[in-house]
Amino acid sequence: MPYRFRRRRRRVHPAVPAAAAVLALAALTHTPATGTSTTTAAASGPAATAIAYARAQLGKPYVYGATGPDAFDCSGLVQAAWQAAGVSIPRTSEEQWAQVPHVSSPQPGDLVFYTGSPIDPPPGHVTMYVGGGQMIEAYGAGVPIRVTALRSGVWGYAAPGGAS
């Protein structure tokens, strides 16, 4: 007589799918490369204005020392964006780092600093955090102003509109 195999349905505890959903959400809201949570409030007030200005510059060329309106370098872009929002910040990334209040994690509109090139004193590069683990930056020659993911190697964060 042939053997008959009966398949058994695997029972899953009702709490397991909920736990898996929580873990999936945690994975979506954490950027392992920087260790920075990407769960942030939506930008409002001057930060929203600064982000909107920076977004309007997407695709424009990077030119070292440029402060707009046709081209920007990294610190010129964030300075112009915050100036559009009515907030005055210094011209260079080094001065911005020295004079803008530091924060432990970025909120939309905050500045994100990197060490920059080997010839620049740190921090040599600055970007603007727009939320969701993304930033707007004027990266360098040959790369138009763009939105990109936060990278590892963050020097620090600063909040031009006041401490976040």
# chains A, B, ... in the order shown; residues from 1 in each chain; ligands from 1

$ residues_around --residues "Ala66 of chain A" --least-positions-apart "4" --cutoff "9 Å" --atoms "only C-alpha atoms" --output "PyMOL selection string"
chain A and resi 62+70-77

$ select_by_dssp --residues "segment 52-139 of chain A" --states "helix (DSSP H, G or I)" --output "compact mmCIF listing (two decimals) with N, CA and C atoms, in the first residue's frame"
# COMPACT_ATOMS: atom_id res chain seq x y z
N ALA A 52 13.13 74.74 0.08
CA ALA A 52 12.50 75.05 -1.22
C ALA A 52 13.47 75.81 -2.12
N TYR A 53 14.22 76.74 -1.54
CA TYR A 53 15.20 77.48 -2.33
C TYR A 53 16.27 76.53 -2.86
N ALA A 54 16.79 75.67 -1.98
CA ALA A 54 17.84 74.72 -2.39
C ALA A 54 17.32 73.78 -3.48
N ARG A 55 16.08 73.31 -3.33
CA ARG A 55 15.50 72.42 -4.35
C ARG A 55 15.38 73.13 -5.70
N ALA A 56 15.09 74.41 -5.68
CA ALA A 56 14.96 75.17 -6.93
C ALA A 56 16.30 75.29 -7.66
N CYS A 74 29.44 74.43 -2.28
CA CYS A 74 28.62 73.83 -1.21
C CYS A 74 28.15 74.85 -0.18
N SER A 75 29.08 75.64 0.32
CA SER A 75 28.71 76.60 1.36
C SER A 75 27.93 77.78 0.79
N GLY A 76 28.17 78.13 -0.46
CA GLY A 76 27.41 79.19 -1.11
C GLY A 76 25.95 78.80 -1.27
N LEU A 77 25.69 77.52 -1.56
CA LEU A 77 24.32 77.04 -1.71
C LEU A 77 23.57 77.12 -0.39
N VAL A 78 24.14 76.60 0.69
CA VAL A 78 23.41 76.63 1.97
C VAL A 78 23.28 78.05 2.50
N GLN A 79 24.28 78.89 2.26
CA GLN A 79 24.19 80.29 2.68
C GLN A 79 23.04 80.99 1.94
N ALA A 80 22.97 80.81 0.62
CA ALA A 80 21.91 81.44 -0.18
C ALA A 80 20.54 80.91 0.20
N ALA A 81 20.44 79.61 0.47
CA ALA A 81 19.16 79.01 0.85
C ALA A 81 18.66 79.61 2.16
N TRP A 82 19.54 79.71 3.14
CA TRP A 82 19.11 80.27 4.42
C TRP A 82 18.89 81.78 4.33
N GLN A 83 19.64 82.45 3.46
CA GLN A 83 19.42 83.88 3.25
C GLN A 83 18.01 84.11 2.67
N ALA A 84 17.59 83.21 1.77
CA ALA A 84 16.23 83.30 1.21
C ALA A 84 15.17 83.14 2.29
N SER A 93 32.20 76.88 4.77
CA SER A 93 31.81 75.76 5.64
C SER A 93 32.52 75.83 6.98
N GLU A 94 33.77 76.26 6.99
CA GLU A 94 34.51 76.36 8.25
C GLU A 94 33.88 77.41 9.16
N GLU A 95 33.52 78.58 8.60
CA GLU A 95 32.87 79.63 9.39
C GLU A 95 31.47 79.20 9.82
N GLN A 96 30.76 78.50 8.93
CA GLN A 96 29.42 78.02 9.28
C GLN A 96 29.50 77.07 10.47
N TRP A 97 30.46 76.15 10.42
CA TRP A 97 30.62 75.20 11.53
C TRP A 97 30.96 75.94 12.82
N ALA A 98 31.81 76.95 12.73
CA ALA A 98 32.25 77.66 13.91
C ALA A 98 31.15 78.53 14.53
N GLN A 99 30.21 79.03 13.71
CA GLN A 99 29.26 80.02 14.21
C GLN A 99 27.80 79.57 14.32

$ closest_residue --among "A:Met135, A:Arg146, A:Pro122, A:Ala48" --to "Pro106 of chain A" --atoms "only C-alpha atoms"
A:Met135

$ residues_around --residues "segment 124-131 of chain A" --least-positions-apart "3" --cutoff "7 Å" --atoms "only C-alpha atoms" --output "PyMOL selection string"
chain A and resi 38+40+51+74-75+78+93-94+106-117+120-121+134-137

$ atom_distance --atom1 "atom CA of Lys60 of chain A" --atom2 "atom CA of Val87 of chain A"
22.5 Å

$ closest_residue --among "A:Val103, A:Ala159, A:Ala85, A:Val63" --to "Pro144 of chain A" --atoms "only C-alpha atoms"
A:Val63

$ atom_distance --atom1 "atom CA of Val100 of chain A" --atom2 "atom CA of Val143 of chain A"
26.6 Å

$ select_by_dssp --residues "segment 28-148 of chain A" --states "strand (DSSP E)" --output "PDB file with C-alpha atoms, in the first residue's frame"
ATOM      1  CA  HIS A  30      17.490  53.909  10.110  1.00  0.00           C
ATOM      2  CA  THR A  31      20.485  54.596   7.920  1.00  0.00           C
ATOM      3  CA  THR A  36      21.275  58.572  11.891  1.00  0.00           C
ATOM      4  CA  SER A  37      17.577  58.100  12.339  1.00  0.00           C
ATOM      5  CA  HIS A 102      25.541  72.440  16.751  1.00  0.00           C
ATOM      6  CA  VAL A 103      22.927  69.721  17.173  1.00  0.00           C
ATOM      7  CA  LEU A 111      23.472  71.629   7.839  1.00  0.00           C
ATOM      8  CA  VAL A 112      25.465  68.395   7.553  1.00  0.00           C
ATOM      9  CA  PHE A 113      29.245  68.776   7.536  1.00  0.00           C
ATOM     10  CA  TYR A 114      31.904  66.452   6.087  1.00  0.00           C
ATOM     11  CA  HIS A 125      32.054  70.252   2.773  1.00  0.00           C
ATOM     12  CA  VAL A 126      28.528  71.182   3.842  1.00  0.00           C
ATOM     13  CA  THR A 127      25.108  69.972   2.700  1.00  0.00           C
ATOM     14  CA  MET A 128      21.508  70.613   3.730  1.00  0.00           C
ATOM     15  CA  TYR A 129      19.446  67.842   5.299  1.00  0.00           C
ATOM     16  CA  VAL A 130      15.959  67.608   3.768  1.00  0.00           C
ATOM     17  CA  GLY A 131      14.596  64.662   5.780  1.00  0.00           C
ATOM     18  CA  GLN A 134      18.348  62.717   2.097  1.00  0.00           C
ATOM     19  CA  MET A 135      20.378  65.886   1.608  1.00  0.00           C
ATOM     20  CA  ILE A 136      20.823  68.536  -1.077  1.00  0.00           C
ATOM     21  CA  GLU A 137      24.404  69.293  -1.990  1.00  0.00           C
ATOM     22  CA  ARG A 146      21.638  67.174  -6.455  1.00  0.00           C
ATOM     23  CA  VAL A 147      19.596  65.349  -3.837  1.00  0.00           C
ATOM     24  CA  THR A 148      21.460  62.366  -2.457  1.00  0.00           C
TER      25      THR A 148
END

$ atom_distance --atom1 "atom CA of Pro123 of chain A" --atom2 "atom CA of Ser105 of chain A"
16.7 Å

$ decode --residues "segment 82-108 of chain A" --atoms "N, CA and C atoms" --output "PDB file, in the first residue's frame"
ATOM      1  N   TRP A  82      19.535  79.706   3.145  1.00  0.00           N
ATOM      2  CA  TRP A  82      19.113  80.273   4.425  1.00  0.00           C
ATOM      3  C   TRP A  82      18.893  81.780   4.328  1.00  0.00           C
ATOM      4  N   GLN A  83      19.641  82.452   3.457  1.00  0.00           N
ATOM      5  CA  GLN A  83      19.416  83.882   3.245  1.00  0.00           C
ATOM      6  C   GLN A  83      18.014  84.105   2.670  1.00  0.00           C
ATOM      7  N   ALA A  84      17.587  83.212   1.768  1.00  0.00           N
ATOM      8  CA  ALA A  84      16.233  83.295   1.207  1.00  0.00           C
ATOM      9  C   ALA A  84      15.171  83.142   2.293  1.00  0.00           C
ATOM     10  N   ALA A  85      15.534  82.443   3.365  1.00  0.00           N
ATOM     11  CA  ALA A  85      14.615  82.239   4.485  1.00  0.00           C
ATOM     12  C   ALA A  85      14.742  83.339   5.538  1.00  0.00           C
ATOM     13  N   GLY A  86      15.598  84.339   5.272  1.00  0.00           N
ATOM     14  CA  GLY A  86      15.754  85.453   6.192  1.00  0.00           C
ATOM     15  C   GLY A  86      16.740  85.206   7.318  1.00  0.00           C
ATOM     16  N   VAL A  87      17.582  84.168   7.170  1.00  0.00           N
ATOM     17  CA  VAL A  87      18.564  83.839   8.205  1.00  0.00           C
ATOM     18  C   VAL A  87      19.961  84.025   7.620  1.00  0.00           C
ATOM     19  N   SER A  88      20.760  84.849   8.264  1.00  0.00           N
ATOM     20  CA  SER A  88      22.118  85.111   7.793  1.00  0.00           C
ATOM     21  C   SER A  88      23.092  84.124   8.432  1.00  0.00           C
ATOM     22  N   ILE A  89      23.849  83.412   7.586  1.00  0.00           N
ATOM     23  CA  ILE A  89      24.895  82.524   8.084  1.00  0.00           C
ATOM     24  C   ILE A  89      26.195  82.866   7.349  1.00  0.00           C
ATOM     25  N   PRO A  90      27.334  82.501   7.910  1.00  0.00           N
ATOM     26  CA  PRO A  90      28.626  82.833   7.284  1.00  0.00           C
ATOM     27  C   PRO A  90      28.798  82.191   5.910  1.00  0.00           C
ATOM     28  N   ARG A  91      29.823  82.623   5.199  1.00  0.00           N
ATOM     29  CA  ARG A  91      30.062  82.211   3.818  1.00  0.00           C
ATOM     30  C   ARG A  91      30.680  80.824   3.668  1.00  0.00           C
ATOM     31  N   THR A  92      31.712  80.479   4.433  1.00  0.00           N
ATOM     32  CA  THR A  92      32.427  79.214   4.196  1.00  0.00           C
ATOM     33  C   THR A  92      31.963  78.122   5.159  1.00  0.00           C
ATOM     34  N   SER A  93      32.204  76.877   4.770  1.00  0.00           N
ATOM     35  CA  SER A  93      31.808  75.760   5.636  1.00  0.00           C
ATOM     36  C   SER A  93      32.520  75.829   6.981  1.00  0.00           C
ATOM     37  N   GLU A  94      33.775  76.264   6.987  1.00  0.00           N
ATOM     38  CA  GLU A  94      34.514  76.361   8.245  1.00  0.00           C
ATOM     39  C   GLU A  94      33.878  77.407   9.162  1.00  0.00           C
ATOM     40  N   GLU A  95      33.524  78.576   8.600  1.00  0.00           N
ATOM     41  CA  GLU A  95      32.872  79.629   9.388  1.00  0.00           C
ATOM     42  C   GLU A  95      31.467  79.203   9.819  1.00  0.00           C
ATOM     43  N   GLN A  96      30.756  78.501   8.932  1.00  0.00           N
ATOM     44  CA  GLN A  96      29.419  78.024   9.280  1.00  0.00           C
ATOM     45  C   GLN A  96      29.503  77.072  10.468  1.00  0.00           C
ATOM     46  N   TRP A  97      30.458  76.151  10.419  1.00  0.00           N
ATOM     47  CA  TRP A  97      30.616  75.202  11.529  1.00  0.00           C
ATOM     48  C   TRP A  97      30.962  75.937  12.824  1.00  0.00           C
ATOM     49  N   ALA A  98      31.812  76.945  12.726  1.00  0.00           N
ATOM     50  CA  ALA A  98      32.255  77.661  13.915  1.00  0.00           C
ATOM     51  C   ALA A  98      31.153  78.532  14.533  1.00  0.00           C
ATOM     52  N   GLN A  99      30.212  79.025  13.711  1.00  0.00           N
ATOM     53  CA  GLN A  99      29.259  80.019  14.215  1.00  0.00           C
ATOM     54  C   GLN A  99      27.804  79.571  14.317  1.00  0.00           C
ATOM     55  N   VAL A 100      27.438  78.456  13.685  1.00  0.00           N
ATOM     56  CA  VAL A 100      26.044  78.001  13.711  1.00  0.00           C
ATOM     57  C   VAL A 100      25.889  76.994  14.861  1.00  0.00           C
ATOM     58  N   PRO A 101      24.795  77.064  15.640  1.00  0.00           N
ATOM     59  CA  PRO A 101      24.618  76.144  16.769  1.00  0.00           C
ATOM     60  C   PRO A 101      24.657  74.677  16.329  1.00  0.00           C
ATOM     61  N   HIS A 102      25.419  73.865  17.056  1.00  0.00           N
ATOM     62  CA  HIS A 102      25.541  72.440  16.751  1.00  0.00           C
ATOM     63  C   HIS A 102      24.380  71.667  17.366  1.00  0.00           C
ATOM     64  N   VAL A 103      23.983  70.604  16.683  1.00  0.00           N
ATOM     65  CA  VAL A 103      22.927  69.721  17.173  1.00  0.00           C
ATOM     66  C   VAL A 103      23.408  68.286  17.049  1.00  0.00           C
ATOM     67  N   SER A 104      22.759  67.374  17.797  1.00  0.00           N
ATOM     68  CA  SER A 104      23.215  65.983  17.798  1.00  0.00           C
ATOM     69  C   SER A 104      22.657  65.164  16.643  1.00  0.00           C
ATOM     70  N   SER A 105      21.508  65.552  16.101  1.00  0.00           N
ATOM     71  CA  SER A 105      20.951  64.861  14.939  1.00  0.00           C
ATOM     72  C   SER A 105      20.207  65.893  14.098  1.00  0.00           C
ATOM     73  N   PRO A 106      20.219  65.704  12.771  1.00  0.00           N
ATOM     74  CA  PRO A 106      19.643  66.739  11.905  1.00  0.00           C
ATOM     75  C   PRO A 106      18.134  66.685  11.790  1.00  0.00           C
ATOM     76  N   GLN A 107      17.559  67.853  11.638  1.00  0.00           N
ATOM     77  CA  GLN A 107      16.158  68.031  11.272  1.00  0.00           C
ATOM     78  C   GLN A 107      16.166  68.696   9.895  1.00  0.00           C
ATOM     79  N   PRO A 108      15.072  68.627   9.145  1.00  0.00           N
ATOM     80  CA  PRO A 108      15.054  69.259   7.829  1.00  0.00           C
ATOM     81  C   PRO A 108      15.501  70.721   7.887  1.00  0.00           C
TER      82      PRO A 108
END
